[in-house]
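Listing of input.txt, compact mmCIF, C-alpha atoms
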# COMPACT_ATOMS: atom_id res chain seq x y z
CA MET A 1 78.15 156.50 36.12
CA LYS A 2 80.42 155.89 39.07
CA PHE A 3 82.90 153.02 39.21
CA GLN A 4 84.14 151.63 42.48
CA VAL A 5 87.83 150.81 42.40
CA LYS A 6 88.91 148.18 44.91
CA SER A 7 92.04 148.89 46.87
CA SER A 8 95.04 146.59 46.61
CA LYS A 9 94.24 145.36 50.12
CA SER A 10 90.72 144.40 49.03
CA VAL A 11 92.06 142.52 46.00
CA GLU A 12 94.61 140.75 48.18
CA LYS A 13 91.87 139.82 50.65
CA VAL A 14 89.72 138.29 47.89
CA THR A 15 92.73 136.44 46.42
CA ASN A 16 93.66 135.01 49.81
CA LYS A 17 90.07 133.93 50.38
CA VAL A 18 89.93 132.07 47.06
CA SER A 19 93.34 130.50 47.71
CA SER A 20 92.19 129.39 51.16
CA LYS A 21 89.09 127.71 49.68
CA VAL A 22 91.23 125.89 47.09
CA ASN A 23 93.65 124.71 49.77
CA ARG A 24 90.81 123.48 51.99
CA ALA A 25 89.27 121.62 49.07
CA TRP A 26 92.60 119.98 48.22
CA ILE A 27 93.20 118.98 51.85
CA ASN A 28 89.69 117.55 52.09
CA ASP A 29 90.15 115.53 48.89
CA HIS A 30 93.58 114.35 50.05
CA VAL A 31 92.46 113.25 53.51
CA ASN A 32 89.50 111.33 52.09
CA ASP A 33 91.48 109.80 49.22
CA THR A 34 91.25 106.00 49.15
CA TYR A 35 94.95 105.55 48.41
CA VAL A 36 96.03 108.04 51.06
CA LYS A 37 94.06 106.03 53.63
CA LEU A 38 95.46 102.75 52.30
CA ALA A 39 99.04 104.09 52.38
CA LYS A 40 98.60 105.11 56.00
CA LYS A 41 97.14 101.72 56.88
CA GLU A 42 99.88 99.74 55.11
CA GLY A 43 102.77 101.94 56.21
CA TYR A 44 103.73 103.53 52.90
CA ARG A 45 105.10 107.06 52.95
CA ALA A 46 102.95 108.19 50.03
CA ARG A 47 100.03 107.05 47.90
CA ALA A 48 102.48 106.90 44.95
CA ALA A 49 103.41 103.38 46.06
CA TYR A 50 100.17 102.11 44.53
CA LYS A 51 101.03 103.57 41.13
CA LEU A 52 104.17 101.45 40.95
CA LYS A 53 102.33 98.51 42.49
CA GLU A 54 99.70 98.48 39.74
CA ILE A 55 102.33 98.84 37.00
CA ASP A 56 104.39 96.03 38.51
CA GLU A 57 101.43 93.71 39.02
CA THR A 58 100.33 94.33 35.43
CA LEU A 59 103.73 93.63 33.87
CA ALA A 60 105.48 91.47 36.53
CA LEU A 61 108.68 93.54 36.49
CA ILE A 62 110.16 93.47 39.99
CA LYS A 63 111.49 90.21 41.42
CA PRO A 64 113.74 89.14 44.31
CA GLY A 65 117.45 89.17 43.52
CA GLN A 66 117.34 92.16 41.18
CA LEU A 67 119.26 95.43 41.23
CA VAL A 68 116.72 98.26 41.15
CA VAL A 69 117.56 101.95 40.78
CA ASP A 70 114.94 104.39 42.02
CA LEU A 71 115.36 107.88 40.50
CA GLY A 72 113.49 110.73 42.15
CA SER A 73 112.90 108.53 45.18
CA THR A 74 111.88 110.94 47.96
CA PRO A 75 109.85 110.44 50.14
CA GLY A 76 110.59 106.76 49.49
CA ALA A 77 107.26 105.06 48.76
CA TRP A 78 108.54 103.42 45.57
CA SER A 79 111.66 102.15 47.34
CA GLN A 80 109.43 100.80 50.10
CA TYR A 81 107.36 98.89 47.55
CA VAL A 82 110.46 97.48 45.84
CA ARG A 83 111.87 96.58 49.28
CA ARG A 84 108.79 94.53 50.06
CA LYS A 85 108.89 92.74 46.70
CA MET A 86 112.45 91.71 47.49
CA SER A 87 111.41 90.24 50.83
CA PRO A 88 108.94 87.59 49.63
CA LYS A 89 108.69 85.84 53.01
CA THR A 90 107.57 89.02 54.75
CA ALA A 91 104.05 88.90 56.12
CA THR A 92 101.48 90.59 53.93
CA GLY A 93 100.59 94.16 54.91
CA GLY A 94 102.69 97.07 55.99
CA GLY A 95 104.87 99.17 53.74
CA ALA A 96 107.77 99.40 56.15
CA ALA A 97 110.94 97.48 55.34
CA ALA A 98 110.92 94.09 56.97
CA GLY A 99 112.39 90.67 56.38
CA THR A 100 115.58 89.62 54.67
CA LEU A 101 116.37 91.69 51.60
CA ASN A 102 117.10 89.61 48.51
CA GLY A 103 118.47 92.10 46.03
CA THR A 104 119.93 95.60 45.79
CA ILE A 105 118.05 98.90 45.86
CA ILE A 106 119.75 102.23 45.16
CA ALA A 107 117.65 105.37 45.55
CA LEU A 108 118.55 108.88 44.41
CA ASP A 109 116.92 112.26 44.86
CA LEU A 110 117.75 115.94 45.03
CA LEU A 111 115.86 116.11 48.35
CA PRO A 112 116.74 114.21 51.53
CA MET A 113 114.99 110.91 52.25
CA ASP A 114 114.49 109.18 55.58
CA PRO A 115 116.39 105.85 55.70
CA ILE A 116 114.79 102.61 54.57
CA GLU A 117 116.43 99.44 55.83
CA GLY A 118 118.59 97.91 53.10
CA VAL A 119 118.17 100.81 50.65
CA THR A 120 121.26 102.80 49.69
CA PHE A 121 120.34 106.46 49.27
CA ILE A 122 122.30 109.08 47.34
CA GLN A 123 121.29 112.72 47.66
CA GLY A 124 122.08 114.86 44.66
CA ASP A 125 120.93 116.26 41.34
CA PHE A 126 120.71 113.52 38.69
CA ARG A 127 121.49 116.13 36.04
CA GLU A 128 125.01 116.60 37.43
CA ASP A 129 127.84 114.34 36.20
CA GLU A 130 129.34 114.04 39.69
CA VAL A 131 126.07 112.64 41.06
CA LEU A 132 125.75 110.20 38.17
CA GLN A 133 129.30 109.02 38.86
CA ARG A 134 128.43 108.41 42.53
CA LEU A 135 125.41 106.38 41.43
CA THR A 136 127.33 104.21 38.98
CA ALA A 137 130.14 103.74 41.52
CA THR A 138 127.57 102.47 44.04
CA MET A 139 126.38 99.95 41.44
CA ALA A 140 129.92 98.53 41.59
CA GLY A 141 130.13 97.46 37.97
CA CYS A 142 126.72 95.74 37.98
CA LEU A 143 123.92 96.58 35.57
CA ALA A 144 120.41 97.42 36.79
CA ASP A 145 117.55 95.01 36.19
CA ILE A 146 114.92 97.70 36.67
CA VAL A 147 115.07 101.49 36.69
CA VAL A 148 112.07 103.36 38.09
CA SER A 149 111.83 107.11 37.68
CA ASP A 150 109.33 109.30 39.47
CA MET A 151 111.42 112.37 38.64
CA ALA A 152 109.50 115.52 37.77
CA PRO A 153 110.64 119.13 37.40
CA ASN A 154 109.08 122.06 39.19
CA LEU A 155 106.38 123.04 36.72
CA SER A 156 106.06 126.73 35.86
CA GLY A 157 102.76 126.58 33.99
CA ILE A 158 104.50 127.70 30.79
CA ASP A 159 103.99 124.80 28.38
CA ALA A 160 107.15 125.24 26.32
CA ALA A 161 109.42 125.56 29.35
CA ASP A 162 107.77 122.70 31.26
CA THR A 163 107.89 120.41 28.22
CA ALA A 164 111.60 121.08 27.81
CA ARG A 165 112.28 120.31 31.48
CA ILE A 166 110.29 117.08 31.39
CA GLU A 167 111.94 115.94 28.16
CA HIS A 168 115.38 116.64 29.60
CA LEU A 169 114.76 114.43 32.64
CA ILE A 170 113.37 111.63 30.49
CA GLU A 171 116.32 111.86 28.12
CA LEU A 172 118.68 111.53 31.10
CA ALA A 173 116.78 108.45 32.32
CA LEU A 174 116.87 106.91 28.83
CA ASP A 175 120.58 107.60 28.51
CA PHE A 176 121.21 106.04 31.92
CA THR A 177 119.29 102.87 31.08
CA SER A 178 121.05 102.57 27.73
CA HIS A 179 124.42 102.44 29.48
CA TYR A 180 123.72 100.98 32.92
CA MET A 181 120.79 98.57 32.54
CA LYS A 182 120.73 94.94 31.42
CA PRO A 183 119.52 94.40 27.83
CA GLN A 184 116.41 92.60 29.08
CA GLY A 185 115.71 95.20 31.78
CA ALA A 186 112.87 97.70 32.08
CA LEU A 187 112.41 101.41 32.69
CA VAL A 188 109.30 102.82 34.36
CA ALA A 189 109.13 106.62 33.95
CA LYS A 190 106.62 109.27 34.89
CA VAL A 191 105.71 111.63 32.06
CA PHE A 192 102.96 114.19 31.47
CA ASN A 193 100.37 114.40 28.72
CA GLY A 194 100.62 117.54 26.66
CA GLY A 195 103.16 119.07 24.34
CA GLY A 196 106.07 116.73 23.76
CA TYR A 197 104.30 113.58 25.00
CA GLU A 198 104.15 111.81 21.65
CA GLY A 199 107.79 112.72 21.10
CA LEU A 200 108.69 110.91 24.33
CA VAL A 201 106.68 107.88 23.25
CA LYS A 202 108.65 107.88 20.01
CA ARG A 203 111.95 108.00 21.93
CA PHE A 204 110.83 105.03 24.04
CA LYS A 205 109.92 103.08 20.92
CA GLU A 206 113.34 103.85 19.47
CA THR A 207 115.02 102.59 22.65
CA PHE A 208 112.94 99.59 23.77
CA VAL A 209 111.55 96.45 22.17
CA THR A 210 108.23 96.79 24.05
CA VAL A 211 106.60 100.04 25.19
CA LYS A 212 103.52 100.28 27.39
CA ARG A 213 101.50 103.36 28.31
CA ILE A 214 99.84 103.07 31.72
CA LYS A 215 97.64 105.44 33.73
CA PRO A 216 97.37 103.74 37.15
CA LYS A 217 94.14 104.02 39.12
CA ALA A 218 96.10 105.67 41.93
CA SER A 219 97.04 108.52 39.60
CA ARG A 220 94.47 111.25 40.17
CA ASP A 221 92.00 111.85 37.33
CA LYS A 222 92.77 115.58 37.29
CA SER A 223 96.50 114.93 36.96
CA SER A 224 98.13 114.94 33.52
CA GLU A 225 100.72 112.44 34.72
CA THR A 226 100.95 109.04 33.12
CA PHE A 227 103.69 106.41 32.89
CA LEU A 228 105.74 104.93 30.09
CA VAL A 229 107.29 101.51 30.52
CA GLY A 230 110.05 100.35 28.21
CA ILE A 231 111.05 96.68 28.30
CA GLY A 232 114.11 95.21 26.58
CA LEU A 233 116.73 97.47 25.08
CA LYS A 234 117.01 97.46 21.31
CA PRO A 235 120.49 96.67 19.98
CA VAL A 236 122.46 99.79 19.19
Can you give me the file's structure in the form of structure tokens?
Amino acid sequence: MKFQVKSSKSVEKVTNKVSSKVNRAWINDHVNDTYVKLAKKEGYRARAAYKLKEIDETLALIKPGQLVVDLGSTPGAWSQYVRRKMSPKTATGGGAAAGTLNGTIIALDLLPMDPIEGVTFIQGDFREDEVLQRLTATMAGCLADIVVSDMAPNLSGIDAADTARIEHLIELALDFTSHYMKPQGALVAKVFNGGGYEGLVKRFKETFVTVKRIKPKASRDKSSETFLVGIGLKPV
């Protein structure tokens, strides 16, 4: 019996073909996505705005006059949504900043972010003490009313490593809220189902009076992402 051995070039060709099909499928799904179309229509930089919108409309968290800290802000869709909530007289429709800002928004991300009117942006790694110091200095001695965190590590596909990275970011967000958020404030944080998830829920329950688990409609069904919301810090 003869076996045909494919050359490395043939294997590479097949791999590239499969990858190309996957990319085309993703692009097709993305372009035809309801929330992608809505974001384009309403001027939001990403469909992620509707994840925060649903969470906020469910729990009534964000109000004019607040100090909101947006962690992992780039490209800025969450800051855009918060900006609109703090401009209640702005005409309905459009995600772009408009109207008089009533409140303070501080955004932070490792990657650059295009400016949003009225939003103070800090570029840096939240895991570094120097960046955290810049953030707290910008808060000028005030405590946050709301902290929203869309931070996520680069996932490697190795469960143990990815779980550790996710947990580390969440622990940093929890530590930040414990020290720099008002007792009655709230933290909205993106997490992922899988190893370590229940441990994160436990940490939230240890930190907050009320904990909600929410999977917004705008979060893709295939995605393992979900959101934990902690409201009201428990006394230390």
Next item on the list: Please identify all polymer residues within 9 Å of A:Ala39, counting only C-alpha atoms, omitting same-chain residues fewer than 4 positions from it, and present them as an MDAnalysis selection string.
Entry: chainID A and resid 34:35 43:50 94:95
Next item on the list: Rank nothing, just name the residue among A:Cys142, A:Gly185, A:Lys41, A:Phe227 nearest to A:Phe208, using only C-alpha atoms.
Entry: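 Closest residue, counting only C-alpha atoms: A:Gly185.
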Check: When distances are computed from all atoms listed in the file, which of A:Ile116, A:Ile55, A:Leu228, A:Leu67 shows the smallest separation from A:Lys202?
Finding: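 When distances to A:Lys202 are compared using all atoms listed in the file, the smallest one comes from A:Leu228.
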Next item on the list: Quote the spacing between atom CA of A:Gly232 and atom CA of A:Ser73 in Å to one decimal place.
Entry: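 Value for the atom CA of A:Gly232-atom CA of A:Ser73 distance: 22.9 Å.
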Note to self: Report, in Å with one decimal, the straight-line distance from atom CA of A:Val82 to atom CA of A:Asp109.
What the structure shows: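 Distance between the two atoms: 16.2 Å.
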Checklist line | Interatomic distance, atom CA of A:Ser156 to atom CA of A:Thr207 (Å, one decimal) | finding: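 Computed distance, atom CA of A:Ser156 to atom CA of A:Thr207, equals 28.9 Å.
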Residue neighbourhood stretch 157-162 of chain A, 10 Å, only C-alpha atoms, exclusion window fewer than 5 positions, as a PDB file with C-alpha atoms, in the coordinates of the input:
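That gives us part03.pdb:
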ATOM      1  CA  ALA A 152     109.500 115.520  37.770  1.00  0.00           C
ATOM      2  CA  GLU A 167     111.940 115.940  28.160  1.00  0.00           C
ATOM      3  CA  HIS A 168     115.380 116.640  29.600  1.00  0.00           C
ATOM      4  CA  PHE A 192     102.960 114.190  31.470  1.00  0.00           C
ATOM      5  CA  GLY A 194     100.620 117.540  26.660  1.00  0.00           C
ATOM      6  CA  GLY A 195     103.160 119.070  24.340  1.00  0.00           C
ATOM      7  CA  GLY A 196     106.070 116.730  23.760  1.00  0.00           C
TER       8      GLY A 196
END
